[in-house]
file my_file.csv (CSV, C-alpha atoms and all ligand atoms)
chain,number,residue,atom,x,y,z
A,1,MET,CA,-39.6,23.5,69.4
A,2,ILE,CA,-43.3,23.4,70.5
A,3,HIS,CA,-44.8,20.0,71.2
A,4,GLU,CA,-48.4,19.2,72.0
A,5,VAL,CA,-50.2,16.6,74.0
A,6,ASP,CA,-53.9,16.5,74.8
A,7,ASP,CA,-54.2,20.2,73.6
A,8,ILE,CA,-51.4,21.4,75.9
A,9,GLN,CA,-48.6,23.0,74.1
A,10,PHE,CA,-45.2,22.7,75.7
A,11,SER,CA,-41.5,23.0,75.1
A,12,PHE,CA,-38.7,21.3,77.0
A,13,SER,CA,-34.9,21.4,77.5
A,14,LYS,CA,-32.7,18.7,78.8
A,15,SER,CA,-30.2,19.0,81.6
A,16,LYS,CA,-27.9,16.8,83.6
A,17,ARG,CA,-30.3,17.0,86.6
A,18,ARG,CA,-31.9,13.8,87.8
A,19,THR,CA,-35.4,15.2,88.3
A,20,ALA,CA,-37.9,16.8,86.0
A,21,SER,CA,-39.4,20.3,86.6
A,22,LEU,CA,-42.5,21.6,85.1
A,23,PHE,CA,-43.3,25.3,84.8
A,24,VAL,CA,-46.1,27.6,83.7
A,25,GLU,CA,-44.1,30.6,82.7
A,26,ARG,CA,-44.9,34.2,83.2
A,27,ASP,CA,-46.1,34.5,79.6
A,28,GLY,CA,-48.5,31.5,80.1
A,29,SER,CA,-46.4,29.0,78.2
A,30,VAL,CA,-45.7,25.5,79.6
A,31,SER,CA,-42.1,24.3,79.7
A,32,LEU,CA,-40.1,21.5,81.3
A,33,ILE,CA,-36.5,20.8,82.2
A,34,VAL,CA,-35.9,17.0,82.1
A,35,PRO,CA,-33.1,14.6,82.6
A,36,GLU,CA,-31.2,13.9,79.4
A,37,GLU,CA,-32.2,10.2,79.2
A,38,LEU,CA,-36.0,10.9,78.9
A,39,SER,CA,-37.6,10.1,75.6
A,40,LEU,CA,-40.3,12.3,74.0
A,41,ASN,CA,-42.8,9.7,75.0
A,42,GLU,CA,-41.8,9.8,78.6
A,43,ILE,CA,-41.9,13.6,78.6
A,44,GLU,CA,-45.4,13.6,77.1
A,45,GLY,CA,-46.3,11.2,79.9
A,46,ILE,CA,-45.2,13.7,82.5
A,47,VAL,CA,-47.3,16.5,80.9
A,48,ARG,CA,-50.3,14.2,80.7
A,49,GLN,CA,-49.9,13.2,84.4
A,50,LYS,CA,-49.7,16.9,85.4
A,51,LYS,CA,-52.6,17.9,83.2
A,52,SER,CA,-55.0,19.1,85.9
A,53,TRP,CA,-52.2,21.1,87.6
A,54,ILE,CA,-51.4,22.7,84.3
A,55,TYR,CA,-55.0,23.6,83.5
A,56,ARG,CA,-55.4,25.0,87.0
A,57,SER,CA,-52.2,27.1,86.7
A,58,LEU,CA,-53.2,28.3,83.2
A,59,ALA,CA,-56.7,29.3,84.5
A,60,GLU,CA,-55.1,31.2,87.4
A,61,TRP,CA,-52.6,32.8,85.0
A,62,LYS,CA,-55.5,34.1,82.8
A,63,ASP,CA,-57.3,35.5,85.9
A,64,LEU,CA,-54.2,37.1,87.1
A,65,ASN,CA,-53.4,38.6,83.8
A,66,ALA,CA,-56.9,39.9,83.4
A,67,SER,CA,-56.6,41.9,86.6
A,68,ARG,CA,-52.9,42.7,86.4
A,69,VAL,CA,-53.3,46.1,84.9
A,70,ASN,CA,-55.3,47.3,87.9
A,71,ARG,CA,-53.2,45.5,90.5
A,72,GLU,CA,-51.4,47.8,92.8
A,73,PHE,CA,-49.9,47.5,96.2
A,74,VAL,CA,-52.4,49.1,98.5
A,75,SER,CA,-53.4,49.0,102.2
A,76,GLY,CA,-55.0,45.7,103.0
A,77,GLU,CA,-52.9,43.6,100.6
A,78,THR,CA,-51.5,40.7,102.4
A,79,PHE,CA,-47.9,39.3,102.4
A,80,LEU,CA,-46.5,36.1,103.6
A,81,TYR,CA,-43.8,35.9,106.2
A,82,LEU,CA,-42.7,32.5,107.6
A,83,GLY,CA,-46.0,30.9,106.6
A,84,ARG,CA,-48.3,33.6,107.9
A,85,SER,CA,-50.2,36.3,106.1
A,86,TYR,CA,-49.8,39.9,107.3
A,87,LYS,CA,-51.6,43.0,106.0
A,88,LEU,CA,-49.8,45.9,104.4
A,89,HIS,CA,-50.6,49.4,105.7
A,90,VAL,CA,-49.5,52.6,104.0
A,91,ALA,CA,-48.1,55.0,106.5
A,92,GLN,CA,-46.4,58.4,106.9
A,93,ASP,CA,-43.6,59.2,109.3
A,94,LEU,CA,-41.8,55.9,109.1
A,95,LYS,CA,-38.2,55.4,110.2
A,96,ALA,CA,-37.6,53.1,107.2
A,97,ASP,CA,-39.3,52.5,103.9
A,98,LEU,CA,-40.7,49.1,105.0
A,99,ILE,CA,-41.2,47.9,108.5
A,100,PHE,CA,-42.6,44.8,110.0
A,101,LYS,CA,-44.2,45.7,113.3
A,102,ASP,CA,-47.0,44.4,115.6
A,103,GLY,CA,-48.1,41.8,113.1
A,104,ARG,CA,-48.3,44.1,110.1
A,105,PHE,CA,-46.2,45.6,107.3
A,106,LEU,CA,-45.9,49.3,107.2
A,107,ILE,CA,-44.7,51.0,104.0
A,108,ARG,CA,-43.8,54.6,103.5
A,109,GLU,CA,-46.4,56.2,101.1
A,110,GLU,CA,-43.9,57.7,98.7
A,111,LYS,CA,-42.3,54.2,98.3
A,112,LEU,CA,-45.4,52.4,97.2
A,113,HIS,CA,-44.1,52.2,93.6
A,114,ALA,CA,-41.1,50.3,94.8
A,115,CYS,CA,-43.1,47.9,97.0
A,116,ALA,CA,-42.0,44.7,95.3
A,117,ASP,CA,-38.3,45.6,95.6
A,118,LEU,CA,-38.7,46.6,99.2
A,119,PHE,CA,-40.3,43.2,100.0
A,120,LYS,CA,-37.6,41.3,98.2
A,121,GLU,CA,-35.0,43.2,100.2
A,122,PHE,CA,-37.0,42.6,103.4
A,123,TYR,CA,-37.1,38.8,102.8
A,124,ARG,CA,-33.4,38.8,101.8
A,125,SER,CA,-32.1,40.5,104.8
A,126,LYS,CA,-34.4,38.6,107.3
A,127,GLY,CA,-33.5,35.5,105.4
A,128,LYS,CA,-29.8,35.9,105.8
A,129,ALA,CA,-30.0,36.0,109.6
A,130,LYS,CA,-32.7,33.4,110.0
A,131,ILE,CA,-31.4,30.9,107.5
A,132,GLN,CA,-27.9,31.2,109.0
A,133,LYS,CA,-29.3,30.6,112.5
A,134,ARG,CA,-31.3,27.5,111.4
A,135,ALA,CA,-28.3,26.2,109.4
A,136,ASN,CA,-26.1,26.6,112.4
A,137,TYR,CA,-28.5,24.4,114.4
A,138,TYR,CA,-28.9,21.7,111.7
A,139,GLN,CA,-25.3,21.5,110.4
A,140,ARG,CA,-24.3,19.7,113.6
A,141,LYS,CA,-27.0,17.2,113.1
A,142,VAL,CA,-26.1,16.7,109.4
A,143,GLY,CA,-22.4,16.8,110.1
A,144,ALA,CA,-21.5,19.2,107.3
A,145,THR,CA,-20.7,22.9,107.3
A,146,PRO,CA,-21.3,25.1,104.3
A,147,LYS,CA,-18.6,27.5,103.3
A,148,ALA,CA,-21.0,30.4,102.9
A,149,ILE,CA,-24.7,31.0,102.9
A,150,LYS,CA,-26.4,33.4,100.6
A,151,VAL,CA,-29.9,34.6,100.1
A,152,LEU,CA,-30.7,35.8,96.6
A,153,GLU,CA,-32.9,35.7,93.6
A,154,LEU,CA,-32.5,32.1,92.4
A,155,GLY,CA,-34.9,32.0,89.5
A,156,HIS,CA,-36.8,28.7,89.4
A,157,ARG,CA,-35.0,27.0,92.3
A,158,TRP,CA,-35.7,27.2,96.0
A,159,ALA,CA,-32.1,26.6,96.9
A,160,SER,CA,-28.9,25.2,95.6
A,161,CYS,CA,-25.6,23.7,96.7
A,162,THR,CA,-22.5,24.7,94.7
A,163,PRO,CA,-19.6,22.4,94.0
A,164,GLU,CA,-17.5,24.7,96.3
A,165,GLY,CA,-19.8,24.0,99.2
A,166,ASN,CA,-21.7,27.2,99.3
A,167,LEU,CA,-25.5,27.2,99.9
A,168,ASN,CA,-27.8,29.6,98.1
A,169,PHE,CA,-31.4,30.2,99.1
A,170,HIS,CA,-34.1,32.0,97.2
A,171,TRP,CA,-35.5,35.0,99.2
A,172,LYS,CA,-38.9,33.4,98.6
A,173,CYS,CA,-38.1,30.7,101.2
A,174,MET,CA,-38.8,33.3,103.8
A,175,MET,CA,-42.5,33.2,102.8
A,176,ALA,CA,-42.8,29.5,103.7
A,177,PRO,CA,-43.6,28.2,107.2
A,178,LEU,CA,-40.6,27.5,109.4
A,179,SER,CA,-40.9,23.7,109.1
A,180,ILE,CA,-40.7,24.0,105.4
A,181,LEU,CA,-37.7,26.4,105.6
A,182,ASP,CA,-36.0,23.9,107.8
A,183,TYR,CA,-36.6,21.2,105.3
A,184,ILE,CA,-35.1,23.3,102.5
A,185,ILE,CA,-32.0,24.0,104.7
A,186,VAL,CA,-31.6,20.3,105.7
A,187,HIS,CA,-32.1,19.3,102.1
A,188,GLU,CA,-29.2,21.5,101.0
A,189,LEU,CA,-26.9,20.6,103.9
A,190,CYS,CA,-27.3,17.0,103.0
A,191,HIS,CA,-26.2,17.9,99.4
A,192,LEU,CA,-22.8,18.7,101.0
A,193,HIS,CA,-22.5,14.9,101.5
A,194,TYR,CA,-24.3,13.9,98.3
A,195,PRO,CA,-24.6,16.2,95.3
A,196,ASN,CA,-27.6,14.2,94.0
A,197,HIS,CA,-30.9,12.7,94.9
A,198,THR,CA,-29.9,9.1,95.4
A,199,ASP,CA,-31.3,6.9,98.1
A,200,ALA,CA,-28.2,7.6,100.2
A,201,PHE,CA,-29.0,11.3,100.0
A,202,TRP,CA,-32.6,10.9,101.1
A,203,ASN,CA,-31.4,8.6,103.9
A,204,GLU,CA,-29.3,11.5,105.3
A,205,VAL,CA,-32.4,13.8,105.1
A,206,ASP,CA,-34.5,11.1,106.8
A,207,LYS,CA,-32.0,10.9,109.7
A,208,VAL,CA,-32.5,14.5,110.6
A,209,LEU,CA,-36.1,15.0,109.5
A,210,PRO,CA,-38.0,11.7,109.6
A,211,ASP,CA,-41.1,13.5,108.3
A,212,TYR,CA,-39.4,15.1,105.4
A,213,ARG,CA,-41.7,13.5,102.8
A,214,LYS,CA,-44.6,15.5,104.3
A,215,ARG,CA,-42.7,18.7,104.1
A,216,HIS,CA,-41.4,18.0,100.6
A,217,GLU,CA,-45.0,17.3,99.5
A,218,TRP,CA,-46.2,20.6,101.1
A,219,LEU,CA,-43.6,22.5,99.1
A,220,LYS,CA,-44.7,20.8,95.8
A,221,LEU,CA,-48.3,21.6,96.4
A,222,ASN,CA,-48.0,25.1,97.9
A,223,GLY,CA,-44.7,26.4,96.5
A,224,ALA,CA,-46.3,28.1,93.6
A,225,SER,CA,-48.3,30.4,95.9
A,226,LEU,CA,-45.2,31.7,97.6
A,227,ASP,CA,-44.5,34.8,95.6
A,228,ILE,CA,-45.2,38.5,95.8
A,229,VAL,CA,-46.6,39.2,92.4
A,230,ASN,CA,-46.6,36.1,90.3
A,231,VAL,CA,-48.5,33.2,91.8
A,232,ASN,CA,-48.4,30.9,88.9
A,233,GLN,CA,-44.8,30.0,88.5
A,234,ALA,CA,-44.1,26.7,90.2
A,235,VAL,CA,-41.3,24.3,90.7
A,236,LEU,CA,-41.3,20.6,91.4
A,237,ILE,CA,-38.0,19.9,93.1
B,301,ZN,ZN,-31.9,18.6,96.0

call {"tool": "encode", "arguments": {"input": "my_file.csv", "output": "structure tokens", "more": "lines below"}}
Ligand SMILES: [Zn+2]
result
Amino acid sequence: MIHEVDDIQFSFSKSKRRTASLFVERDGSVSLIVPEELSLNEIEGIVRQKKSWIYRSLAEWKDLNASRVNREFVSGETFLYLGRSYKLHVAQDLKADLIFKDGRFLIREEKLHACADLFKEFYRSKGKAKIQKRANYYQRKVGATPKAIKVLELGHRWASCTPEGNLNFHWKCMMAPLSILDYIIVHELCHLHYPNHTDAFWNEVDKVLPDYRKRHEWLKLNGASLDIVNVNQAVLI
């Protein structure tokens, strides 16, 4: 069902989660996932509160869509890796399809059509080693050890903690600066103690990362830009 507030059309679904998320979807529609107990009035309040962000995202979405037809991965395009931008160069005679070397990405010319997939795989494989290493460091501080760590396509979420004690991370996390990646890791490790966002949970995060609010805020503000083709999708965690 489509609702409308201040000329913004939106739809929503309810979930058992404690926090609300707002999305500008790939087709330009606005949707929310909200905690079950929220009334329509309260949901409209959230939309109103986030109005300028929604307008901005919709404007960006229109721009992006207007140029999408012509958008191709070419030399000079930049890609994020651990918070920094690196240029892509098309090359011949490469040992692999995509290589990160001397501060730039090199892609094999014949593989340009598969660029997005190659980057996803790059982030995923780098992420597996990096996130495991950072988690090894932080799990001693948090006092909890995950059963397994996976890096995968996680849809709208940065990371998740399963009831079995596994931690999943979106490959997109590898585009964020290390301080933000660390925050996401600590956040999930603390969920091994508390599977919710109660004060007790945030208290655990605070013990390990006293400046976590700053990092959390950064992710909220900049998270939407961490993507390879679609800059408008955003998640408020
Ligand atoms: Zn959480």

call {"tool": "residues_near_point", "arguments": {"input": "my_file.csv", "point": "(-19.8, 16.8, 105.9)", "cutoff": "6 Å", "atoms": "only C-alpha atoms", "output": "ChimeraX atom specification"}}
result
/A:143-144,193

call {"tool": "closest_residue", "arguments": {"input": "my_file.csv", "among": "A:Arg134, A:Lys141, A:Lys14, A:Lys150", "to": "Leu40 of chain A", "atoms": "only C-alpha atoms"}}
result
A:Lys14

call {"tool": "residues_near_ligand", "arguments": {"input": "my_file.csv", "ligand": "ligand ZN 301 (chain B)", "cutoff": "9 Å", "atoms": "all atoms listed in the file", "output": "list of chain:residue names"}}
result
A:Ala159, A:Ser160, A:Cys161, A:Ile184, A:His187, A:Glu188, A:Cys190, A:His191, A:Pro195, A:Asn196, A:His197, A:Phe201, A:Ile237

call {"tool": "closest_residue", "arguments": {"input": "my_file.csv", "among": "A:Asp7, A:Asp182, A:Glu60, A:Glu37", "to": "Lys133 of chain A", "atoms": "all atoms listed in the file"}}
result
A:Asp182

call {"tool": "closest_residue", "arguments": {"input": "my_file.csv", "among": "A:Asp227, A:Asp199, A:Glu25, A:Glu109", "to": "Tyr123 of chain A", "atoms": "all atoms listed in the file"}}
result
A:Asp227

call {"tool": "closest_residue", "arguments": {"input": "my_file.csv", "among": "A:Leu94, A:Phe122, A:Ile2, A:Leu80", "to": "Arg108 of chain A", "atoms": "all atoms listed in the file"}}
result
A:Leu94

call {"tool": "atom_distance", "arguments": {"input": "my_file.csv", "atom1": "atom CA of Ala96 of chain A", "atom2": "atom CA of Ala135 of chain A"}}
result
28.5 Å

call {"tool": "closest_residue", "arguments": {"input": "my_file.csv", "among": "A:Leu152, A:Asp97, A:Asp6, A:Lys111", "to": "Gly45 of chain A", "atoms": "only C-alpha atoms"}}
result
A:Asp6

call {"tool": "atom_distance", "arguments": {"input": "my_file.csv", "atom1": "atom CA of Ser225 of chain A", "atom2": "atom CA of Val186 of chain A"}}
result
21.8 Å

call {"tool": "closest_residue", "arguments": {"input": "my_file.csv", "among": "A:Lys207, A:Gly127, A:Glu217, A:Tyr194", "to": "Leu181 of chain A", "atoms": "only C-alpha atoms"}}
result
A:Gly127

call {"tool": "atom_distance", "arguments": {"input": "my_file.csv", "atom1": "atom CA of Pro177 of chain A", "atom2": "atom CA of Lys147 of chain A"}}
result
25.3 Å

call {"tool": "residues_around", "arguments": {"input": "my_file.csv", "residues": "segment 15-23 of chain A", "least_positions_apart": "3", "cutoff": "12 Å", "atoms": "only C-alpha atoms", "output": "ChimeraX atom specification"}}
result
/A:10-12,26-38,42-51,53-55,57-58,61,155-157,195-198,220,223-224,231-237

call {"tool": "write_last_selection", "arguments": {"input": "my_file.csv", "atoms": "C-alpha atoms", "output": "CSV table (one decimal), in the coordinates of the input"}}
result
chain,number,residue,atom,x,y,z
A,10,PHE,CA,-45.2,22.7,75.7
A,11,SER,CA,-41.5,23.0,75.1
A,12,PHE,CA,-38.7,21.3,77.0
A,26,ARG,CA,-44.9,34.2,83.2
A,27,ASP,CA,-46.1,34.5,79.6
A,28,GLY,CA,-48.5,31.5,80.1
A,29,SER,CA,-46.4,29.0,78.2
A,30,VAL,CA,-45.7,25.5,79.6
A,31,SER,CA,-42.1,24.3,79.7
A,32,LEU,CA,-40.1,21.5,81.3
A,33,ILE,CA,-36.5,20.8,82.2
A,34,VAL,CA,-35.9,17.0,82.1
A,35,PRO,CA,-33.1,14.6,82.6
A,36,GLU,CA,-31.2,13.9,79.4
A,37,GLU,CA,-32.2,10.2,79.2
A,38,LEU,CA,-36.0,10.9,78.9
A,42,GLU,CA,-41.8,9.8,78.6
A,43,ILE,CA,-41.9,13.6,78.6
A,44,GLU,CA,-45.4,13.6,77.1
A,45,GLY,CA,-46.3,11.2,79.9
A,46,ILE,CA,-45.2,13.7,82.5
A,47,VAL,CA,-47.3,16.5,80.9
A,48,ARG,CA,-50.3,14.2,80.7
A,49,GLN,CA,-49.9,13.2,84.4
A,50,LYS,CA,-49.7,16.9,85.4
A,51,LYS,CA,-52.6,17.9,83.2
A,53,TRP,CA,-52.2,21.1,87.6
A,54,ILE,CA,-51.4,22.7,84.3
A,55,TYR,CA,-55.0,23.6,83.5
A,57,SER,CA,-52.2,27.1,86.7
A,58,LEU,CA,-53.2,28.3,83.2
A,61,TRP,CA,-52.6,32.8,85.0
A,155,GLY,CA,-34.9,32.0,89.5
A,156,HIS,CA,-36.8,28.7,89.4
A,157,ARG,CA,-35.0,27.0,92.3
A,195,PRO,CA,-24.6,16.2,95.3
A,196,ASN,CA,-27.6,14.2,94.0
A,197,HIS,CA,-30.9,12.7,94.9
A,198,THR,CA,-29.9,9.1,95.4
A,220,LYS,CA,-44.7,20.8,95.8
A,223,GLY,CA,-44.7,26.4,96.5
A,224,ALA,CA,-46.3,28.1,93.6
A,231,VAL,CA,-48.5,33.2,91.8
A,232,ASN,CA,-48.4,30.9,88.9
A,233,GLN,CA,-44.8,30.0,88.5
A,234,ALA,CA,-44.1,26.7,90.2
A,235,VAL,CA,-41.3,24.3,90.7
A,236,LEU,CA,-41.3,20.6,91.4
A,237,ILE,CA,-38.0,19.9,93.1

call {"tool": "residues_around", "arguments": {"input": "my_file.csv", "residues": "Phe105 of chain A", "least_positions_apart": "2", "cutoff": "6 Å", "atoms": "all atoms listed in the file", "output": "ChimeraX atom specification"}}
result
/A:88,99-100
